[in-house]
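J.: Before we start, here is the structure in question, set down as structure tokens.
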Protein chains: 2
Amino acid sequence: MTRQKKIFLSESEMPKQWYNLAPDLPTPMNPPLGPGGKPLSPEQLAPVFPMNLIEQEVSQQRWIDIPDEVRQILLQWRPSPLIRAYELEEALGTPAKIYYKNEGVSPAGSHKPNTAVPQAWYNKQFGIKKLTTETGAGQWGTALAYACSQIGLECKVYMVRVSFDQKPFRKLIMRTYGSRCIASPSPETNIGREILAKTPDTPGSLGIAISEAIEEAVSDPNGETRYSLGSVLNHVMLHQTIIGLEAKKQLAIAGIKKPDVIIACCGGGSNFAGLTFPFMADKINGADIQIIGVEPFSCPTLTKAPFVYDHGDVAQMTPMLPMYSLGHKFVAAPIHAGGLRYHGMAPLVSAALRDKLMEAVAIHQSECFEAGLLFARTEGIVPAPETTHAIAATIREAKKAKEEGKEKVILFNFSGHGLMDLLGYEKYMDGQLSDYEYPDDYIKANLEAIKDFPMPK
Amino acid sequence: MTRQKKIFLSESEMPKQWYNLAPDLPTPMNPPLGPGGKPLSPEQLAPVFPMNLIEQEVSQQRWIDIPDEVRQILLQWRPSPLIRAYELEEALGTPAKIYYKNEGVSPAGSHKPNTAVPQAWYNKQFGIKKLTTETGAGQWGTALAYACSQIGLECKVYMVRVSFDQKPFRKLIMRTYGSRCIASPSPETNIGREILAKTPDTPGSLGIAISEAIEEAVSDPNGETRYSLGSVLNHVMLHQTIIGLEAKKQLAIAGIKKPDVIIACCGGGSNFAGLTFPFMADKINGADIQIIGVEPFSCPTLTKAPFVYDHGDVAQMTPMLPMYSLGHKFVAAPIHAGGLRYHGMAPLVSAALRDKLMEAVAIHQSECFEAGLLFARTEGIVPAPETTHAIAATIREAKKAKEEGKEKVILFNFSGHGLMDLLGYEKYMDGQLSDYEYPDDYIKANLEAIKDFPMPK
């Protein structure tokens, strides 16, 4: 009985700084563009975000201190455990050593609170009283509701109507944390009222919900409301790097100098960035590490989209960001991993792909759910549909290691548990799950809308 | 930043033995009684349970080794953290130091896997191929399904029809772990078919589900099926003592010699026994510790029932056990803490109450949900409805400490999270929650059915 299943860090070993990849990128980042295609000034973002977060967004500082009060709240669940997947390894008969970082132990059940807590804190510091946001499947809304309850901010979440109706528990958790969660489109904003007048039965969309949340934030006559985003932006990636920074220390405790392969799923990019960016720094300095982003076949941003300037939302209310994008009008098939259905990719992750610091793979959801089932029945934890993508890629790599007879170290991000998203498993077990793949023509057609946009360098 | 929020033990510090309270009780235990009121022999239980667990059930050995293979599976989440409730203390303005053991970190989200894993393992050792059980709200069924997936046993769960319909996610988790969960009454047993013929629309009951699970176990022509129970029995209490044994080590790390008050909720008694029995041993040896069991006002087993011999189920299929009981025909009001609606109390917990090693308090569910909300918004974790009972009593004690100006150490068991049982919170927040209290006459009437049963010494 000498094998160690979980590697914990003490609370004093939790990182005291976040890591910013931006200054270490081989090619400098392209700036976000505002109206007329001109680089956006920080002031133009001020009605939407507080200035202290805007400063982080554009920062070229490599290490940024985590405020003590933020650390104190993160300690409610962090450092998260690094777990050796002995049972999965045995089931696969692989010589690979598989480790995963369990971000499902947070109060909200995913990695999202890692950025929700600092975002709420910086807003509070700036004198903001209320945050608005949108949520699709509900993970991000839950995380921000939790964070606002800890920090003492009002919080309002616009939840896409179809999810609001299908997932009654999600809105209940947010309410339990003291937040208000309403279905979008709602009668509480101009854009919501307009859409409801035209299409009263609309299921809503993330694009509409973003527009409503931003409208409410910028139209507060007292200027005490701001908007909060759970992925894509640079400061969100920054806050998530605590995952990889912890994982590095934990691997060292396990006697491992460096992982051979690192894997995470990619939706907006935040859990991927969180685990991999601290290791990417080593890769830039010459370390031999394979870093793989995994996306659904039905939303192939990293594997089939071009590197372009595009808007983050359907209504083109957000600035143009330099990123791999399927076009802001692209609507991904209704797969169960709702968090991976975003048309774009975080600019920092996009820059990493362009600079060949990472590679990408697309996997069908049926293979992912099969992987998720095997994981639940071996490691004991039911993964979120998004997380099953990282597990499916891990299993592929572990099988490859078996074929090659190599004792590789594979590290992946267990971004969240699936206790509240089990319907996909049911459909898979009932043999009713469909896989989706788009013909190249469809992907090309969606890119038409952005063909005249400026191109990043 | 010196305050420590969580106290972890290393894996090697996880207890290697369970603690058995039975030999240390001031008054010897009364035996279970079989047909005709005669003491039950181990052989009479053999068709229902494997002999190795029956030996544990009647053991008078103080310390019992935890098998290495069981420890290995428990390490998937254990040792569980001991957490200092700083944020709750601050909200209450109490001088009390509040600690809680977070059993919600298990794969099933509650303390139940602590006994599900060893039960499955001992059955497997005994050559058993399949386990049957019943589940009400779903916590126990989930835990046994998880354990059987780890051990490699077939598992079938009879879930009370009304919960089966109301909580579709619960049966999905069990299925994800590879178990079969069906609604009870079912057409798959004699008793199920009989009941369905008479009352096709019955919502079912825990009593019926127990009867079906036992019938299936004892009628396997190959003798390779057994029944598994998630609470009440001595060996279940034994397996749960790992909670209190860990908590003792963790308090010592925090520099605390002994807690002043220990609190846990009581349904069948297992999470209460698990946390408190190792401390009760100290109390028997003279330590000054107040130990409080908390039950719902609507099922006042410890506070209003007599100490009697009674059956564990409505159909009187189980042996008679010496316990506080409201009568096996007692039907508790439909409160949301389904796990606390049992008419009896574990014989070991009952013996502890009779011997004045503990005291008991009954609390209305509205006070409990209020406590649960405060906990979620301060400590960040949403508690299960059952767990809110322990939190409500903890808050009462913390307020008392404030009035008295005493720096008491209060330890309670956070038996599980409430992510899958949020409807009670919704009703509380909507002002639609009812509290239930029975007139003494109703309680007396239910005891009529057992007035001629033998009486324990």
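Order determines the names: the first chain of the structure tokens is A, the second B, and so forth; residues in each chain are numbered 1 upward, and ligands are numbered 1 upward as they are shown.
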Show me, as a ChimeraX atom specification, the residues that have an atom within 12 Å of Leu411 in chain B when counting only C-alpha atoms, minus same-chain residues fewer than 6 positions from it.

T.: /B:82-85,96-102,243-244,247-248,250-251,256,258-264,272,275-276,279,289-292,390-391,393-395,397-398

J.: Given a cut-off of 7 Å, which residues of chain B touch chain A, counting only C-alpha atoms, written out as a list in words?

T.: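 Close enough to count are Met1, Lys5, Asp68, Leu75, Gln76, Pro107, Tyr146, Ser149, Gln150, Phe169, Leu172, Thr176, Tyr177, Leu373, Ala376, Arg377, Thr378, Gly380, Ile381, Leu422, Tyr425 and Glu426 of chain B.
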
J.: May I have the selected residues written with N, CA, C and O atoms, as a PDB file, in the first residue's frame?

T.:
```
ATOM      1  N   MET B   1      -2.018  36.660   6.146  1.00  0.00           N
ATOM      2  CA  MET B   1      -2.590  35.446   5.522  1.00  0.00           C
ATOM      3  C   MET B   1      -2.057  34.204   6.218  1.00  0.00           C
ATOM      4  O   MET B   1      -1.368  33.386   5.631  1.00  0.00           O
ATOM      5  N   LYS B   5      -7.655  27.447   6.310  1.00  0.00           N
ATOM      6  CA  LYS B   5      -9.075  27.141   6.085  1.00  0.00           C
ATOM      7  C   LYS B   5      -9.340  25.639   6.167  1.00  0.00           C
ATOM      8  O   LYS B   5     -10.313  25.212   6.759  1.00  0.00           O
ATOM      9  N   ASP B  68      -6.723  -3.606   2.880  1.00  0.00           N
ATOM     10  CA  ASP B  68      -5.924  -2.746   2.001  1.00  0.00           C
ATOM     11  C   ASP B  68      -6.658  -2.362   0.716  1.00  0.00           C
ATOM     12  O   ASP B  68      -6.589  -1.218   0.266  1.00  0.00           O
ATOM     13  N   LEU B  75      -9.352   5.896  -0.916  1.00  0.00           N
ATOM     14  CA  LEU B  75      -8.394   6.977  -1.220  1.00  0.00           C
ATOM     15  C   LEU B  75      -8.775   7.761  -2.470  1.00  0.00           C
ATOM     16  O   LEU B  75      -8.168   8.794  -2.764  1.00  0.00           O
ATOM     17  N   GLN B  76      -9.773   7.293  -3.227  1.00  0.00           N
ATOM     18  CA  GLN B  76     -10.231   8.105  -4.361  1.00  0.00           C
ATOM     19  C   GLN B  76     -10.708   9.476  -3.884  1.00  0.00           C
ATOM     20  O   GLN B  76     -10.715  10.428  -4.647  1.00  0.00           O
ATOM     21  N   PRO B 107     -17.365  10.707  -4.433  1.00  0.00           N
ATOM     22  CA  PRO B 107     -17.944  10.655  -5.785  1.00  0.00           C
ATOM     23  C   PRO B 107     -19.473  10.727  -5.762  1.00  0.00           C
ATOM     24  O   PRO B 107     -20.079  11.293  -6.656  1.00  0.00           O
ATOM     25  N   TYR B 146     -21.841   3.286  -7.259  1.00  0.00           N
ATOM     26  CA  TYR B 146     -20.429   3.665  -7.393  1.00  0.00           C
ATOM     27  C   TYR B 146     -19.530   2.549  -6.866  1.00  0.00           C
ATOM     28  O   TYR B 146     -18.579   2.117  -7.538  1.00  0.00           O
ATOM     29  N   SER B 149     -19.308  -0.489  -9.037  1.00  0.00           N
ATOM     30  CA  SER B 149     -18.526  -0.262 -10.264  1.00  0.00           C
ATOM     31  C   SER B 149     -17.034  -0.398  -9.969  1.00  0.00           C
ATOM     32  O   SER B 149     -16.265  -0.841 -10.818  1.00  0.00           O
ATOM     33  N   GLN B 150     -16.632  -0.024  -8.772  1.00  0.00           N
ATOM     34  CA  GLN B 150     -15.214  -0.112  -8.405  1.00  0.00           C
ATOM     35  C   GLN B 150     -14.798  -1.544  -8.081  1.00  0.00           C
ATOM     36  O   GLN B 150     -13.681  -1.964  -8.371  1.00  0.00           O
ATOM     37  N   PHE B 169     -32.366  12.491 -12.513  1.00  0.00           N
ATOM     38  CA  PHE B 169     -30.897  12.472 -12.548  1.00  0.00           C
ATOM     39  C   PHE B 169     -30.331  11.389 -11.644  1.00  0.00           C
ATOM     40  O   PHE B 169     -29.270  10.839 -11.914  1.00  0.00           O
ATOM     41  N   LEU B 172     -30.095   8.227 -13.334  1.00  0.00           N
ATOM     42  CA  LEU B 172     -29.088   8.331 -14.398  1.00  0.00           C
ATOM     43  C   LEU B 172     -27.671   8.158 -13.858  1.00  0.00           C
ATOM     44  O   LEU B 172     -26.822   7.554 -14.508  1.00  0.00           O
ATOM     45  N   THR B 176     -25.087   5.408 -15.008  1.00  0.00           N
ATOM     46  CA  THR B 176     -23.750   5.785 -15.479  1.00  0.00           C
ATOM     47  C   THR B 176     -22.689   4.905 -14.809  1.00  0.00           C
ATOM     48  O   THR B 176     -21.695   4.533 -15.424  1.00  0.00           O
ATOM     49  N   TYR B 177     -22.921   4.553 -13.550  1.00  0.00           N
ATOM     50  CA  TYR B 177     -21.993   3.664 -12.851  1.00  0.00           C
ATOM     51  C   TYR B 177     -22.215   2.190 -13.218  1.00  0.00           C
ATOM     52  O   TYR B 177     -21.591   1.308 -12.639  1.00  0.00           O
ATOM     53  N   LEU B 373     -29.068  28.105   3.646  1.00  0.00           N
ATOM     54  CA  LEU B 373     -28.829  29.275   2.785  1.00  0.00           C
ATOM     55  C   LEU B 373     -27.675  30.114   3.314  1.00  0.00           C
ATOM     56  O   LEU B 373     -26.788  30.523   2.564  1.00  0.00           O
ATOM     57  N   ALA B 376     -24.460  28.327   2.538  1.00  0.00           N
ATOM     58  CA  ALA B 376     -24.076  28.415   1.123  1.00  0.00           C
ATOM     59  C   ALA B 376     -23.484  29.781   0.808  1.00  0.00           C
ATOM     60  O   ALA B 376     -22.509  29.894   0.066  1.00  0.00           O
ATOM     61  N   ARG B 377     -24.069  30.823   1.384  1.00  0.00           N
ATOM     62  CA  ARG B 377     -23.638  32.181   1.052  1.00  0.00           C
ATOM     63  C   ARG B 377     -22.411  32.632   1.851  1.00  0.00           C
ATOM     64  O   ARG B 377     -21.858  33.696   1.569  1.00  0.00           O
ATOM     65  N   THR B 378     -22.017  31.857   2.844  1.00  0.00           N
ATOM     66  CA  THR B 378     -20.806  32.200   3.584  1.00  0.00           C
ATOM     67  C   THR B 378     -19.690  31.201   3.260  1.00  0.00           C
ATOM     68  O   THR B 378     -18.658  31.562   2.711  1.00  0.00           O
ATOM     69  N   GLY B 380     -19.848  28.794   1.039  1.00  0.00           N
ATOM     70  CA  GLY B 380     -19.771  28.569  -0.404  1.00  0.00           C
ATOM     71  C   GLY B 380     -20.350  27.258  -0.887  1.00  0.00           C
ATOM     72  O   GLY B 380     -20.571  27.095  -2.078  1.00  0.00           O
ATOM     73  N   ILE B 381     -20.586  26.294   0.000  1.00  0.00           N
ATOM     74  CA  ILE B 381     -21.080  24.985  -0.436  1.00  0.00           C
ATOM     75  C   ILE B 381     -22.559  24.858  -0.100  1.00  0.00           C
ATOM     76  O   ILE B 381     -22.979  25.154   1.020  1.00  0.00           O
ATOM     77  N   LEU B 422     -32.351  20.505  -4.747  1.00  0.00           N
ATOM     78  CA  LEU B 422     -32.512  21.944  -4.535  1.00  0.00           C
ATOM     79  C   LEU B 422     -33.963  22.393  -4.409  1.00  0.00           C
ATOM     80  O   LEU B 422     -34.228  23.551  -4.105  1.00  0.00           O
ATOM     81  N   TYR B 425     -34.951  24.147  -1.215  1.00  0.00           N
ATOM     82  CA  TYR B 425     -34.497  25.544  -1.129  1.00  0.00           C
ATOM     83  C   TYR B 425     -35.455  26.460  -1.888  1.00  0.00           C
ATOM     84  O   TYR B 425     -35.772  27.549  -1.447  1.00  0.00           O
ATOM     85  N   GLU B 426     -35.884  25.981  -3.070  1.00  0.00           N
ATOM     86  CA  GLU B 426     -36.793  26.807  -3.859  1.00  0.00           C
ATOM     87  C   GLU B 426     -38.073  27.102  -3.067  1.00  0.00           C
ATOM     88  O   GLU B 426     -38.528  28.235  -2.975  1.00  0.00           O
TER      89      GLU B 426
END
```

J.: For a quick check of understanding, using only C-alpha atoms, which of B:Lys304, B:Lys167, B:Arg161, B:His239 has the smallest distance to Gln56 in chain B?

T.: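 Residue with the minimum atom-to-atom distance to Gln56 in chain B: B:His239.
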
J.: Would you list, as a PyMOL selection string, the residues of range 50-282 of chain A that end up in helix (DSSP H, G or I) under DSSP run on this structure's backbone?

T.: chain A and resi 51-58+68-74+86-92+103-105+113-125+139-151+161-166+168-176+190-198+206-218+234-240+242-253+270-282

J.: Which residue gives the smallest distance to Asn271 in chain B among B:His111, B:Lys329, B:Lys38, B:Lys451, with only C-alpha atoms counted?

T.: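 Among the listed residues, B:His111 lies closest to Asn271 in chain B.
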